[in-house]
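**Student:** Below are the structure tokens for one structure; questions will follow.
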Amino acid sequence: MGINTERDIEANLQIGPTDQGMVRLFILADGTEIPMDFSPDEADEIAEEIRLAAQGARKLKA
């Protein structure tokens, strides 16, 4: 399974700061919980990657 493989899975994504000063991405899908913690700097890098991916997707739709 890769980036371009579509799946019909419903998931819940929550994003927020932890009490330890980390940024947590919390994914819940089919009863499986996946907490992923990142430093603020790592979270900034991930946010930039998401922004660039959104730009690329917009170009493909045009």
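In the structure tokens, the first chain shown is A, the next is B, and so on; residue numbers restart at 1 for each chain, and ligands run from 1 in the order shown.
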Among the residues of chain A, find those DSSP assigns to helix (DSSP H, G or I) from the backbone and print them as a PDB file with all heavy atoms, in the first residue's frame.
**Tutor:**
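Result went into out-v8.pdb, see below:
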ATOM      1  N   PRO A  40       8.189  20.508  18.903  1.00  0.00           N
ATOM      2  CA  PRO A  40       7.627  21.627  18.146  1.00  0.00           C
ATOM      3  C   PRO A  40       8.356  21.865  16.812  1.00  0.00           C
ATOM      4  O   PRO A  40       7.714  22.163  15.806  1.00  0.00           O
ATOM      5  CB  PRO A  40       7.771  22.809  19.092  1.00  0.00           C
ATOM      6  CG  PRO A  40       7.678  22.190  20.454  1.00  0.00           C
ATOM      7  CD  PRO A  40       8.425  20.880  20.306  1.00  0.00           C
ATOM      8  N   ASP A  41       9.671  21.706  16.800  1.00  0.00           N
ATOM      9  CA  ASP A  41      10.416  21.901  15.548  1.00  0.00           C
ATOM     10  C   ASP A  41      10.059  20.834  14.517  1.00  0.00           C
ATOM     11  O   ASP A  41       9.894  21.132  13.328  1.00  0.00           O
ATOM     12  CB  ASP A  41      11.926  21.882  15.809  1.00  0.00           C
ATOM     13  CG  ASP A  41      12.402  23.130  16.529  1.00  0.00           C
ATOM     14  OD1 ASP A  41      11.699  24.168  16.499  1.00  0.00           O
ATOM     15  OD2 ASP A  41      13.498  23.068  17.138  1.00  0.00           O
ATOM     16  N   GLU A  42       9.935  19.584  14.961  1.00  0.00           N
ATOM     17  CA  GLU A  42       9.524  18.525  14.040  1.00  0.00           C
ATOM     18  C   GLU A  42       8.116  18.786  13.522  1.00  0.00           C
ATOM     19  O   GLU A  42       7.838  18.568  12.337  1.00  0.00           O
ATOM     20  CB  GLU A  42       9.543  17.169  14.751  1.00  0.00           C
ATOM     21  CG  GLU A  42      10.928  16.651  15.069  1.00  0.00           C
ATOM     22  CD  GLU A  42      10.883  15.412  15.934  1.00  0.00           C
ATOM     23  OE1 GLU A  42      10.050  15.323  16.858  1.00  0.00           O
ATOM     24  OE2 GLU A  42      11.713  14.510  15.676  1.00  0.00           O
ATOM     25  N   ALA A  43       7.229  19.262  14.401  1.00  0.00           N
ATOM     26  CA  ALA A  43       5.851  19.556  13.984  1.00  0.00           C
ATOM     27  C   ALA A  43       5.835  20.669  12.937  1.00  0.00           C
ATOM     28  O   ALA A  43       5.049  20.607  11.987  1.00  0.00           O
ATOM     29  CB  ALA A  43       5.002  19.940  15.194  1.00  0.00           C
ATOM     30  N   ASP A  44       6.696  21.670  13.098  1.00  0.00           N
ATOM     31  CA  ASP A  44       6.793  22.732  12.096  1.00  0.00           C
ATOM     32  C   ASP A  44       7.222  22.163  10.748  1.00  0.00           C
ATOM     33  O   ASP A  44       6.698  22.550   9.695  1.00  0.00           O
ATOM     34  CB  ASP A  44       7.787  23.815  12.526  1.00  0.00           C
ATOM     35  CG  ASP A  44       7.239  24.730  13.601  1.00  0.00           C
ATOM     36  OD1 ASP A  44       6.005  24.827  13.748  1.00  0.00           O
ATOM     37  OD2 ASP A  44       8.058  25.369  14.298  1.00  0.00           O
ATOM     38  N   GLU A  45       8.177  21.227  10.763  1.00  0.00           N
ATOM     39  CA  GLU A  45       8.638  20.605   9.518  1.00  0.00           C
ATOM     40  C   GLU A  45       7.515  19.803   8.863  1.00  0.00           C
ATOM     41  O   GLU A  45       7.339  19.847   7.643  1.00  0.00           O
ATOM     42  CB  GLU A  45       9.836  19.699   9.791  1.00  0.00           C
ATOM     43  CG  GLU A  45      11.099  20.452  10.165  1.00  0.00           C
ATOM     44  CD  GLU A  45      12.251  19.531  10.539  1.00  0.00           C
ATOM     45  OE1 GLU A  45      12.186  18.316  10.221  1.00  0.00           O
ATOM     46  OE2 GLU A  45      13.209  20.023  11.144  1.00  0.00           O
ATOM     47  N   ILE A  46       6.755  19.073   9.665  1.00  0.00           N
ATOM     48  CA  ILE A  46       5.635  18.287   9.143  1.00  0.00           C
ATOM     49  C   ILE A  46       4.580  19.219   8.548  1.00  0.00           C
ATOM     50  O   ILE A  46       4.039  18.955   7.465  1.00  0.00           O
ATOM     51  CB  ILE A  46       5.035  17.398  10.248  1.00  0.00           C
ATOM     52  CG1 ILE A  46       6.044  16.311  10.631  1.00  0.00           C
ATOM     53  CG2 ILE A  46       3.702  16.793   9.809  1.00  0.00           C
ATOM     54  CD1 ILE A  46       5.714  15.592  11.920  1.00  0.00           C
ATOM     55  N   ALA A  47       4.299  20.319   9.246  1.00  0.00           N
ATOM     56  CA  ALA A  47       3.311  21.282   8.746  1.00  0.00           C
ATOM     57  C   ALA A  47       3.760  21.845   7.390  1.00  0.00           C
ATOM     58  O   ALA A  47       2.937  22.015   6.487  1.00  0.00           O
ATOM     59  CB  ALA A  47       3.112  22.411   9.761  1.00  0.00           C
ATOM     60  N   GLU A  48       5.041  22.111   7.245  1.00  0.00           N
ATOM     61  CA  GLU A  48       5.558  22.612   5.973  1.00  0.00           C
ATOM     62  C   GLU A  48       5.411  21.562   4.877  1.00  0.00           C
ATOM     63  O   GLU A  48       5.043  21.875   3.745  1.00  0.00           O
ATOM     64  CB  GLU A  48       7.022  23.029   6.121  1.00  0.00           C
ATOM     65  CG  GLU A  48       7.663  23.549   4.848  1.00  0.00           C
ATOM     66  CD  GLU A  48       7.059  24.840   4.311  1.00  0.00           C
ATOM     67  OE1 GLU A  48       6.234  25.479   4.996  1.00  0.00           O
ATOM     68  OE2 GLU A  48       7.406  25.221   3.177  1.00  0.00           O
ATOM     69  N   GLU A  49       5.677  20.290   5.209  1.00  0.00           N
ATOM     70  CA  GLU A  49       5.507  19.216   4.225  1.00  0.00           C
ATOM     71  C   GLU A  49       4.043  19.106   3.797  1.00  0.00           C
ATOM     72  O   GLU A  49       3.754  18.883   2.610  1.00  0.00           O
ATOM     73  CB  GLU A  49       5.981  17.880   4.808  1.00  0.00           C
ATOM     74  CG  GLU A  49       7.479  17.785   4.948  1.00  0.00           C
ATOM     75  CD  GLU A  49       7.924  16.454   5.512  1.00  0.00           C
ATOM     76  OE1 GLU A  49       7.279  15.422   5.215  1.00  0.00           O
ATOM     77  OE2 GLU A  49       8.925  16.436   6.245  1.00  0.00           O
ATOM     78  N   ILE A  50       3.121  19.248   4.735  1.00  0.00           N
ATOM     79  CA  ILE A  50       1.694  19.201   4.404  1.00  0.00           C
ATOM     80  C   ILE A  50       1.324  20.371   3.499  1.00  0.00           C
ATOM     81  O   ILE A  50       0.605  20.204   2.513  1.00  0.00           O
ATOM     82  CB  ILE A  50       0.834  19.185   5.685  1.00  0.00           C
ATOM     83  CG1 ILE A  50       1.030  17.863   6.423  1.00  0.00           C
ATOM     84  CG2 ILE A  50      -0.635  19.429   5.358  1.00  0.00           C
ATOM     85  CD1 ILE A  50       0.409  17.825   7.805  1.00  0.00           C
ATOM     86  N   ARG A  51       1.841  21.557   3.810  1.00  0.00           N
ATOM     87  CA  ARG A  51       1.555  22.736   2.990  1.00  0.00           C
ATOM     88  C   ARG A  51       2.069  22.540   1.567  1.00  0.00           C
ATOM     89  O   ARG A  51       1.361  22.827   0.594  1.00  0.00           O
ATOM     90  CB  ARG A  51       2.192  23.982   3.622  1.00  0.00           C
ATOM     91  CG  ARG A  51       1.753  25.289   2.985  1.00  0.00           C
ATOM     92  CD  ARG A  51       2.502  26.478   3.554  1.00  0.00           C
ATOM     93  NE  ARG A  51       3.922  26.445   3.214  1.00  0.00           N
ATOM     94  CZ  ARG A  51       4.417  26.683   1.993  1.00  0.00           C
ATOM     95  NH1 ARG A  51       3.614  26.968   0.997  1.00  0.00           N
ATOM     96  NH2 ARG A  51       5.710  26.644   1.768  1.00  0.00           N
ATOM     97  N   LEU A  52       3.280  22.009   1.421  1.00  0.00           N
ATOM     98  CA  LEU A  52       3.844  21.773   0.087  1.00  0.00           C
ATOM     99  C   LEU A  52       3.067  20.693  -0.665  1.00  0.00           C
ATOM    100  O   LEU A  52       2.872  20.798  -1.881  1.00  0.00           O
ATOM    101  CB  LEU A  52       5.322  21.394   0.200  1.00  0.00           C
ATOM    102  CG  LEU A  52       6.250  22.530   0.658  1.00  0.00           C
ATOM    103  CD1 LEU A  52       7.652  21.997   0.938  1.00  0.00           C
ATOM    104  CD2 LEU A  52       6.284  23.651  -0.356  1.00  0.00           C
ATOM    105  N   ALA A  53       2.613  19.666   0.045  1.00  0.00           N
ATOM    106  CA  ALA A  53       1.811  18.622  -0.600  1.00  0.00           C
ATOM    107  C   ALA A  53       0.484  19.193  -1.087  1.00  0.00           C
ATOM    108  O   ALA A  53       0.008  18.839  -2.171  1.00  0.00           O
ATOM    109  CB  ALA A  53       1.571  17.462   0.370  1.00  0.00           C
ATOM    110  N   ALA A  54      -0.113  20.098  -0.309  1.00  0.00           N
ATOM    111  CA  ALA A  54      -1.366  20.736  -0.724  1.00  0.00           C
ATOM    112  C   ALA A  54      -1.138  21.568  -1.986  1.00  0.00           C
ATOM    113  O   ALA A  54      -1.965  21.551  -2.901  1.00  0.00           O
ATOM    114  CB  ALA A  54      -1.929  21.593   0.406  1.00  0.00           C
ATOM    115  N   GLN A  55      -0.019  22.274  -2.041  1.00  0.00           N
ATOM    116  CA  GLN A  55       0.307  23.050  -3.244  1.00  0.00           C
ATOM    117  C   GLN A  55       0.432  22.122  -4.454  1.00  0.00           C
ATOM    118  O   GLN A  55      -0.082  22.423  -5.542  1.00  0.00           O
ATOM    119  CB  GLN A  55       1.624  23.807  -3.062  1.00  0.00           C
ATOM    120  CG  GLN A  55       1.507  25.094  -2.280  1.00  0.00           C
ATOM    121  CD  GLN A  55       2.855  25.801  -2.210  1.00  0.00           C
ATOM    122  OE1 GLN A  55       3.919  25.217  -2.462  1.00  0.00           O
ATOM    123  NE2 GLN A  55       2.816  27.081  -1.849  1.00  0.00           N
ATOM    124  N   GLY A  56       1.137  20.998  -4.276  1.00  0.00           N
ATOM    125  CA  GLY A  56       1.300  20.050  -5.376  1.00  0.00           C
ATOM    126  C   GLY A  56      -0.027  19.463  -5.831  1.00  0.00           C
ATOM    127  O   GLY A  56      -0.267  19.296  -7.024  1.00  0.00           O
ATOM    128  N   ALA A  57      -0.903  19.164  -4.883  1.00  0.00           N
ATOM    129  CA  ALA A  57      -2.214  18.614  -5.227  1.00  0.00           C
ATOM    130  C   ALA A  57      -3.038  19.623  -5.998  1.00  0.00           C
ATOM    131  O   ALA A  57      -3.756  19.259  -6.945  1.00  0.00           O
ATOM    132  CB  ALA A  57      -2.942  18.175  -3.960  1.00  0.00           C
ATOM    133  N   ARG A  58      -2.946  20.901  -5.611  1.00  0.00           N
ATOM    134  CA  ARG A  58      -3.686  21.941  -6.345  1.00  0.00           C
ATOM    135  C   ARG A  58      -3.231  22.021  -7.797  1.00  0.00           C
ATOM    136  O   ARG A  58      -4.031  22.221  -8.696  1.00  0.00           O
ATOM    137  CB  ARG A  58      -3.513  23.294  -5.660  1.00  0.00           C
ATOM    138  CG  ARG A  58      -4.357  23.458  -4.442  1.00  0.00           C
ATOM    139  CD  ARG A  58      -4.291  24.884  -3.903  1.00  0.00           C
ATOM    140  NE  ARG A  58      -4.948  24.934  -2.622  1.00  0.00           N
ATOM    141  CZ  ARG A  58      -4.330  24.852  -1.439  1.00  0.00           C
ATOM    142  NH1 ARG A  58      -3.000  24.741  -1.393  1.00  0.00           N
ATOM    143  NH2 ARG A  58      -4.992  24.902  -0.313  1.00  0.00           N
ATOM    144  N   LYS A  59      -1.933  21.874  -8.016  1.00  0.00           N
ATOM    145  CA  LYS A  59      -1.409  21.935  -9.388  1.00  0.00           C
ATOM    146  C   LYS A  59      -1.929  20.772 -10.223  1.00  0.00           C
ATOM    147  O   LYS A  59      -2.163  20.937 -11.416  1.00  0.00           O
ATOM    148  CB  LYS A  59       0.125  21.903  -9.350  1.00  0.00           C
ATOM    149  CG  LYS A  59       0.746  23.178  -8.838  1.00  0.00           C
ATOM    150  CD  LYS A  59       2.246  23.073  -8.790  1.00  0.00           C
ATOM    151  CE  LYS A  59       2.849  24.332  -8.190  1.00  0.00           C
ATOM    152  NZ  LYS A  59       4.311  24.211  -8.031  1.00  0.00           N
ATOM    153  N   LEU A  60      -2.109  19.620  -9.618  1.00  0.00           N
ATOM    154  CA  LEU A  60      -2.619  18.454 -10.353  1.00  0.00           C
ATOM    155  C   LEU A  60      -4.081  18.602 -10.717  1.00  0.00           C
ATOM    156  O   LEU A  60      -4.534  18.053 -11.720  1.00  0.00           O
ATOM    157  CB  LEU A  60      -2.430  17.188  -9.530  1.00  0.00           C
ATOM    158  CG  LEU A  60      -0.989  16.752  -9.318  1.00  0.00           C
ATOM    159  CD1 LEU A  60      -0.921  15.563  -8.355  1.00  0.00           C
ATOM    160  CD2 LEU A  60      -0.331  16.388 -10.646  1.00  0.00           C
ATOM    161  N   LYS A  61      -4.843  19.355  -9.914  1.00  0.00           N
ATOM    162  CA  LYS A  61      -6.273  19.542 -10.183  1.00  0.00           C
ATOM    163  C   LYS A  61      -6.501  20.562 -11.295  1.00  0.00           C
ATOM    164  O   LYS A  61      -7.556  20.572 -11.904  1.00  0.00           O
ATOM    165  CB  LYS A  61      -6.983  20.000  -8.912  1.00  0.00           C
ATOM    166  CG  LYS A  61      -7.231  18.884  -7.931  1.00  0.00           C
ATOM    167  CD  LYS A  61      -8.096  19.375  -6.812  1.00  0.00           C
ATOM    168  CE  LYS A  61      -9.420  18.711  -6.928  1.00  0.00           C
ATOM    169  NZ  LYS A  61     -10.344  19.045  -5.861  1.00  0.00           N
TER     170      LYS A  61
END
**Student:** Nearest to A:Phe38 among A:Leu25, A:Glu10, A:Ile3, A:Asp19, with distances taken over only C-alpha atoms: which residue is it?
**Tutor:** A:Leu25
**Student:** For a test of reading the model, state the distance in Å between atom CA of A:Ser39 and atom CA of A:Thr18, rounded to one decimal.
**Tutor:**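 Straight-line distance from atom CA of A:Ser39 to atom CA of A:Thr18 works out to 10.2 Å.
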**Student:** Give me, as a list of chain:residue names, the residues of chain A that a backbone DSSP run labels strand (DSSP E or B).
**Tutor:**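 Of chain A, only A:Ala11, A:Asn12, A:Leu13, A:Gln14, A:Ile15, A:Gly16, A:Pro17, A:Val23, A:Arg24, A:Leu25, A:Phe26, A:Ile27, A:Leu28, A:Ala29, A:Thr32, A:Glu33, A:Ile34, A:Pro35, A:Met36, A:Asp37, A:Phe38 fall in strand (DSSP E or B).
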**Student:** Would you save the residues of that selection, restricted to N, CA and C atoms, as a short mmCIF file (atom, residue, chain, number, x, y, z; two decimals), in the first residue's frame?
**Tutor:**
data_model
loop_
_atom_site.label_atom_id
_atom_site.label_comp_id
_atom_site.auth_asym_id
_atom_site.auth_seq_id
_atom_site.Cartn_x
_atom_site.Cartn_y
_atom_site.Cartn_z
N ALA A 11 -11.25 7.22 9.72
CA ALA A 11 -10.32 7.48 10.82
C ALA A 11 -10.60 8.85 11.41
N ASN A 12 -10.24 8.99 12.67
CA ASN A 12 -10.37 10.26 13.37
C ASN A 12 -8.96 10.76 13.66
N LEU A 13 -8.68 12.00 13.34
CA LEU A 13 -7.38 12.61 13.59
C LEU A 13 -7.54 13.77 14.54
N GLN A 14 -6.78 13.75 15.63
CA GLN A 14 -6.75 14.86 16.57
C GLN A 14 -5.32 15.35 16.66
N ILE A 15 -5.16 16.67 16.75
CA ILE A 15 -3.84 17.28 16.83
C ILE A 15 -3.84 18.28 17.97
N GLY A 16 -2.82 18.22 18.83
CA GLY A 16 -2.76 19.19 19.92
C GLY A 16 -1.47 19.05 20.72
N PRO A 17 -1.25 20.01 21.61
CA PRO A 17 -0.06 19.96 22.46
C PRO A 17 -0.27 19.01 23.64
N VAL A 23 4.00 17.97 20.44
CA VAL A 23 2.80 18.07 19.61
C VAL A 23 2.39 16.63 19.29
N ARG A 24 1.14 16.30 19.58
CA ARG A 24 0.67 14.93 19.35
C ARG A 24 -0.31 14.88 18.20
N LEU A 25 -0.07 13.94 17.28
CA LEU A 25 -1.05 13.54 16.28
C LEU A 25 -1.63 12.24 16.81
N PHE A 26 -2.94 12.21 17.01
CA PHE A 26 -3.59 11.03 17.56
C PHE A 26 -4.58 10.52 16.54
N ILE A 27 -4.37 9.30 16.06
CA ILE A 27 -5.21 8.71 15.03
C ILE A 27 -5.96 7.53 15.64
N LEU A 28 -7.26 7.49 15.40
CA LEU A 28 -8.09 6.38 15.83
C LEU A 28 -8.79 5.82 14.60
N ALA A 29 -8.53 4.54 14.31
CA ALA A 29 -9.13 3.90 13.13
C ALA A 29 -9.40 2.44 13.45
N THR A 32 -8.08 0.96 16.57
CA THR A 32 -6.64 1.08 16.80
C THR A 32 -6.28 2.53 17.07
N GLU A 33 -5.57 2.76 18.17
CA GLU A 33 -5.13 4.12 18.52
C GLU A 33 -3.64 4.26 18.18
N ILE A 34 -3.30 5.34 17.50
CA ILE A 34 -1.91 5.60 17.14
C ILE A 34 -1.55 7.01 17.61
N PRO A 35 -0.89 7.12 18.76
CA PRO A 35 -0.41 8.43 19.20
C PRO A 35 1.01 8.65 18.67
N MET A 36 1.24 9.80 18.05
CA MET A 36 2.57 10.12 17.53
C MET A 36 2.96 11.49 18.09
N ASP A 37 4.06 11.53 18.85
CA ASP A 37 4.52 12.76 19.46
C ASP A 37 5.73 13.31 18.72
N PHE A 38 5.73 14.65 18.55
CA PHE A 38 6.81 15.33 17.84
C PHE A 38 7.21 16.57 18.63
#
